[in-house]
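Each remark here refers to the structure printed beneath this line.
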Amino acid sequence: MNSNVSRKDFMTPSWLLIVLGLMIGGAIGLYEMFFGHLFAANNALVWTLPLVTYIFLALMSTGVSIVIAFGLLAQKNAILERTRALLVLAIGLLLGAFTALATELGSILNMIWILLSPNPLSPIWWMGALYSAELVLLIIKLVMDVMGRHGPLDRPLAWATLVVASAAAMMIGAVFGTVIGRADYAGMYTSLFTLPVALVAGFAVIILTQPQGRLTELMTPAYRMLAVLWIILLGLKLFYDAHSPVPALQGWVDFWTILPFVIIALFAGLAPRILAAFGLVATLWVAYNFVITGQLVSLGPNVGWFGEIQAYRPNLPELAILVLGIAVAAALIKLGNQYLVADERQPST
Amino acid sequence: MGYGMVIDQQLCVGCAACTIACKIENNTPVGINWCDKITRTTGKFPAVRYEYISTMCNHCENAPCVAGCPTQAMYKDTATGLTLHDTKKCIGCKACIVNCPYGVISFNWDTPHKSWASTDPLAEGCFSPAGMVEAAGGEGSPHGNPERGTTYPVVRPVGSVEKCTFCDHRLAEGLAPACVDACPSGARQFGDIDDPNSEVSRLVAKHGGKGLREELGTRPRVIYIRDYKPQRRFEPPRPAGEGQGA
């Protein structure tokens, strides 16, 4: 624990921005949870930008968790020497994701039923259980790292993190893939999409936030390769959509979804940080399209209420929740870095 | 046993009495109809066809809303085959709404019937309606139907979903759902669709019939028979008993 942190360390422009985000987003979030309805959601389009924020941050955290686990299992020193910083990053992102999700739930006080009356058939239940398990595993690893306890438990914990994180990311896809009645959702392919999204976002956030060095040199080529893989997957989806029988629906992949990753694949080596930031925005755009498009076609009587196809644009309160999720993550990451990462151990190898 | 409903499209006149009866019986808030409609206009003038399809929860045997609910708040009642909802367990994740292919589950984004809870008297020195009910030891509001409260909250809480229960509180009293009793043309039949000798099963056997979006494998328990054809108006009337509710 770094005891040299002073009040001065909090008097910075970045902390000012974070506090502003926490205050504005927090006020909107609390109002939505307990007092009234501000989001642009309705009975036909129920999951909007706050849920996109959750998915975006949770998948990013998953990508970082997978990198941490891989680093230990493959004994990659470039990753091992930044393990604590990456753990802080993964935990911060996941708690930011949970904060955004809390504003989406109608009754967080009833969350007790997730434990007392679980439904193992429900992908959402598995998603909650797996992400909770991932958070616990990450916290255990961080505590062990801070206390300097390394030993025989490290590898089992790394394997557990790898399996749980991968399954959690794929379960987010299953939440949408197992929906049978919505245009553009049905199909187990969605689980195959969310895992690469997690890796792309995770790699990008590591390149963006970690000091330039061996870790970023290791991640940048991998980031480019993932971008290529992602282009292939998106291309397949685009090809499939071109033959879709659903009228007036283009699907969630189009030219503008793919283009950023082409740019990343071509130029990430030249300006890794800029293209990592670009990649995060592109991933948010992918998550946004993925979540929203399937709900745009109204079903049953909702056609009479909301029209056959809805036009959705996030409103200001929803944007405030995006800011809140990012601000919570940023605050926790900064706190972790200031108090825990300053005295990070060096790898023994 | 499994309750089901048959809607005869030849007899339905599209008057929406079912929708109004449901609204009154179940105290549904503004913007939420458990019993609603799908309208379709197809063809080109002069060969235009307009369809009015009354719709509600289909109480599917293979209900996607039940499979998707993380807390078992949405569940199948094994004794009756109804798809029911427990507001106490509902965390408001809205997975059921996304999973339902029929668009018939609604979310209480805001506190429903806010005015019902108002304790402001209409005139100075008088009781408010809510105050009167409270003083009499009652629940809800004089504007609402307290009988709804026997199996489901009189008014569902904010942050919770709600949907048609086939009026399970009326079924428990041996009555048909409110929409069935309110239908002026006897277009709705209700009963045990698992019993081949029930009226609903006989109608389905006689006329065929189809549920909505059956291709999805949800096995809906609301079956539509006989598309409307003007020529049928001159057919002999149905035998006595076929026009009655359950």
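Starting from 1 in every chain, residues are counted up; chains themselves are A, B, ... following the order of the structure tokens, and ligands are numbered from 1 as listed.
Excluding B:Thr55 and any residue on its chain fewer than 5 positions from it, the residues at most 6 Å away by only C-alpha atoms are Cys35, Asp36 and Lys37 of chain B.
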For chain A, work out the contacting residues on chain B at 6 Å, counting only C-alpha atoms, and write them as a PDB file with N, CA, C and O atoms, in the first residue's frame.
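The resulting result01.pdb:
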ATOM      1  N   LYS B  37     -54.559  -5.332 -29.069  1.00  0.00           N
ATOM      2  CA  LYS B  37     -54.955  -5.736 -30.421  1.00  0.00           C
ATOM      3  C   LYS B  37     -53.784  -5.607 -31.394  1.00  0.00           C
ATOM      4  O   LYS B  37     -52.873  -4.800 -31.205  1.00  0.00           O
ATOM      5  N   ILE B  38     -53.847  -6.436 -32.427  1.00  0.00           N
ATOM      6  CA  ILE B  38     -52.951  -6.285 -33.575  1.00  0.00           C
ATOM      7  C   ILE B  38     -53.868  -5.972 -34.754  1.00  0.00           C
ATOM      8  O   ILE B  38     -54.865  -6.674 -34.962  1.00  0.00           O
ATOM      9  N   ALA B  67     -38.474 -19.260 -19.378  1.00  0.00           N
ATOM     10  CA  ALA B  67     -37.092 -19.763 -19.516  1.00  0.00           C
ATOM     11  C   ALA B  67     -36.079 -18.645 -19.286  1.00  0.00           C
ATOM     12  O   ALA B  67     -35.012 -18.871 -18.723  1.00  0.00           O
ATOM     13  N   GLY B  68     -36.405 -17.428 -19.692  1.00  0.00           N
ATOM     14  CA  GLY B  68     -35.435 -16.337 -19.619  1.00  0.00           C
ATOM     15  C   GLY B  68     -35.382 -15.618 -18.288  1.00  0.00           C
ATOM     16  O   GLY B  68     -34.418 -14.904 -18.012  1.00  0.00           O
ATOM     17  N   CYS B  69     -36.397 -15.817 -17.445  1.00  0.00           N
ATOM     18  CA  CYS B  69     -36.447 -15.069 -16.171  1.00  0.00           C
ATOM     19  C   CYS B  69     -35.383 -15.582 -15.204  1.00  0.00           C
ATOM     20  O   CYS B  69     -35.394 -16.756 -14.844  1.00  0.00           O
ATOM     21  N   PRO B  70     -34.472 -14.737 -14.741  1.00  0.00           N
ATOM     22  CA  PRO B  70     -33.378 -15.229 -13.900  1.00  0.00           C
ATOM     23  C   PRO B  70     -33.788 -15.609 -12.480  1.00  0.00           C
ATOM     24  O   PRO B  70     -33.043 -16.307 -11.797  1.00  0.00           O
ATOM     25  N   THR B  71     -34.952 -15.145 -12.040  1.00  0.00           N
ATOM     26  CA  THR B  71     -35.320 -15.370 -10.627  1.00  0.00           C
ATOM     27  C   THR B  71     -36.581 -16.217 -10.459  1.00  0.00           C
ATOM     28  O   THR B  71     -37.104 -16.317  -9.347  1.00  0.00           O
ATOM     29  N   GLN B  72     -37.066 -16.802 -11.539  1.00  0.00           N
ATOM     30  CA  GLN B  72     -38.314 -17.575 -11.508  1.00  0.00           C
ATOM     31  C   GLN B  72     -39.505 -16.727 -11.093  1.00  0.00           C
ATOM     32  O   GLN B  72     -40.496 -17.247 -10.567  1.00  0.00           O
ATOM     33  N   LYS B  89     -40.644 -11.351  -6.626  1.00  0.00           N
ATOM     34  CA  LYS B  89     -39.362 -11.897  -7.102  1.00  0.00           C
ATOM     35  C   LYS B  89     -38.823 -11.142  -8.310  1.00  0.00           C
ATOM     36  O   LYS B  89     -37.698 -11.409  -8.752  1.00  0.00           O
ATOM     37  N   ILE B  91     -37.021  -8.647 -10.555  1.00  0.00           N
ATOM     38  CA  ILE B  91     -35.959  -7.652 -10.360  1.00  0.00           C
ATOM     39  C   ILE B  91     -35.999  -6.585 -11.453  1.00  0.00           C
ATOM     40  O   ILE B  91     -35.134  -5.720 -11.518  1.00  0.00           O
ATOM     41  N   GLY B  92     -36.971  -6.687 -12.335  1.00  0.00           N
ATOM     42  CA  GLY B  92     -37.127  -5.652 -13.365  1.00  0.00           C
ATOM     43  C   GLY B  92     -36.029  -5.673 -14.415  1.00  0.00           C
ATOM     44  O   GLY B  92     -35.697  -4.636 -14.986  1.00  0.00           O
ATOM     45  N   CYS B  93     -35.506  -6.866 -14.706  1.00  0.00           N
ATOM     46  CA  CYS B  93     -34.437  -6.947 -15.718  1.00  0.00           C
ATOM     47  C   CYS B  93     -34.997  -6.884 -17.129  1.00  0.00           C
ATOM     48  O   CYS B  93     -34.249  -6.656 -18.075  1.00  0.00           O
ATOM     49  N   ASN B  99     -37.720 -11.542 -24.404  1.00  0.00           N
ATOM     50  CA  ASN B  99     -37.893 -12.929 -24.849  1.00  0.00           C
ATOM     51  C   ASN B  99     -39.279 -13.202 -25.427  1.00  0.00           C
ATOM     52  O   ASN B  99     -39.433 -14.107 -26.237  1.00  0.00           O
ATOM     53  N   PRO B 101     -42.154 -13.303 -27.777  1.00  0.00           N
ATOM     54  CA  PRO B 101     -42.263 -12.956 -29.197  1.00  0.00           C
ATOM     55  C   PRO B 101     -43.582 -12.290 -29.564  1.00  0.00           C
ATOM     56  O   PRO B 101     -43.809 -11.988 -30.724  1.00  0.00           O
ATOM     57  N   TYR B 102     -44.431 -12.079 -28.556  1.00  0.00           N
ATOM     58  CA  TYR B 102     -45.762 -11.538 -28.836  1.00  0.00           C
ATOM     59  C   TYR B 102     -45.927 -10.082 -28.383  1.00  0.00           C
ATOM     60  O   TYR B 102     -46.957  -9.471 -28.635  1.00  0.00           O
ATOM     61  N   GLY B 103     -44.961  -9.535 -27.705  1.00  0.00           N
ATOM     62  CA  GLY B 103     -45.029  -8.132 -27.282  1.00  0.00           C
ATOM     63  C   GLY B 103     -46.160  -7.856 -26.315  1.00  0.00           C
ATOM     64  O   GLY B 103     -46.782  -6.790 -26.402  1.00  0.00           O
ATOM     65  N   SER B 106     -45.550  -5.951 -20.207  1.00  0.00           N
ATOM     66  CA  SER B 106     -45.265  -4.512 -20.063  1.00  0.00           C
ATOM     67  C   SER B 106     -44.498  -4.255 -18.781  1.00  0.00           C
ATOM     68  O   SER B 106     -44.598  -5.006 -17.815  1.00  0.00           O
ATOM     69  N   TRP B 109     -42.605   1.508 -15.855  1.00  0.00           N
ATOM     70  CA  TRP B 109     -41.468   2.444 -15.836  1.00  0.00           C
ATOM     71  C   TRP B 109     -41.663   3.470 -14.729  1.00  0.00           C
ATOM     72  O   TRP B 109     -40.703   3.965 -14.150  1.00  0.00           O
ATOM     73  N   ASP B 110     -42.914   3.823 -14.465  1.00  0.00           N
ATOM     74  CA  ASP B 110     -43.212   4.833 -13.456  1.00  0.00           C
ATOM     75  C   ASP B 110     -44.224   4.253 -12.467  1.00  0.00           C
ATOM     76  O   ASP B 110     -44.843   3.223 -12.757  1.00  0.00           O
ATOM     77  N   GLY B 159     -41.117  -0.615 -11.439  1.00  0.00           N
ATOM     78  CA  GLY B 159     -39.914  -1.445 -11.581  1.00  0.00           C
ATOM     79  C   GLY B 159     -40.208  -2.915 -11.749  1.00  0.00           C
ATOM     80  O   GLY B 159     -39.301  -3.737 -11.684  1.00  0.00           O
TER      81      GLY B 159
END
message: Ranking B:Gly137, B:Pro153, B:Gly217, B:Gly131 by minimum distance to B:Cys60 and counting only C-alpha atoms, which one comes first?
response: B:Gly217
query: Using the chain letters and numbers from this document, which residues of stretch 52-168 of chain B does DSSP assign to strand (DSSP E), as a list in words?
result: Tyr52, Ile53, Ser54, Thr55, Met74, Tyr75, Lys76, Thr83, Leu84, His85, Ser106, Phe107, Val161 and Glu162 of chain B
task: Mind giving me the straight-line distance from atom CA of B:Ile223 to atom CA of B:Gly211 in Å, one decimal?
output: 4.5 Å
Residues within 10 Å of A:Leu20, please, as a PDB file with N, CA, C and O atoms, in the first residue's frame. Count only C-alpha atoms; anything in the same chain fewer than 6 positions from it doesn't count.
ATOM      1  N   SER A  14      -7.949  15.273 -14.217  1.00  0.00           N
ATOM      2  CA  SER A  14      -8.630  13.986 -14.447  1.00  0.00           C
ATOM      3  C   SER A  14      -9.565  13.657 -13.282  1.00  0.00           C
ATOM      4  O   SER A  14     -10.683  13.175 -13.483  1.00  0.00           O
ATOM      5  N   GLY A  26     -24.381  10.014 -11.223  1.00  0.00           N
ATOM      6  CA  GLY A  26     -24.939   9.450  -9.992  1.00  0.00           C
ATOM      7  C   GLY A  26     -26.316  10.008  -9.691  1.00  0.00           C
ATOM      8  O   GLY A  26     -27.232   9.263  -9.311  1.00  0.00           O
ATOM      9  N   VAL A 323     -21.604   7.999 -18.906  1.00  0.00           N
ATOM     10  CA  VAL A 323     -20.567   8.769 -18.205  1.00  0.00           C
ATOM     11  C   VAL A 323     -20.368   8.204 -16.797  1.00  0.00           C
ATOM     12  O   VAL A 323     -19.226   8.050 -16.330  1.00  0.00           O
ATOM     13  N   LEU A 324     -21.477   7.860 -16.128  1.00  0.00           N
ATOM     14  CA  LEU A 324     -21.384   7.329 -14.759  1.00  0.00           C
ATOM     15  C   LEU A 324     -20.574   6.025 -14.732  1.00  0.00           C
ATOM     16  O   LEU A 324     -19.680   5.862 -13.889  1.00  0.00           O
ATOM     17  N   ALA A 327     -17.048   6.810 -15.304  1.00  0.00           N
ATOM     18  CA  ALA A 327     -16.482   7.571 -14.173  1.00  0.00           C
ATOM     19  C   ALA A 327     -16.216   6.652 -12.975  1.00  0.00           C
ATOM     20  O   ALA A 327     -15.181   6.785 -12.309  1.00  0.00           O
TER      21      ALA A 327
END
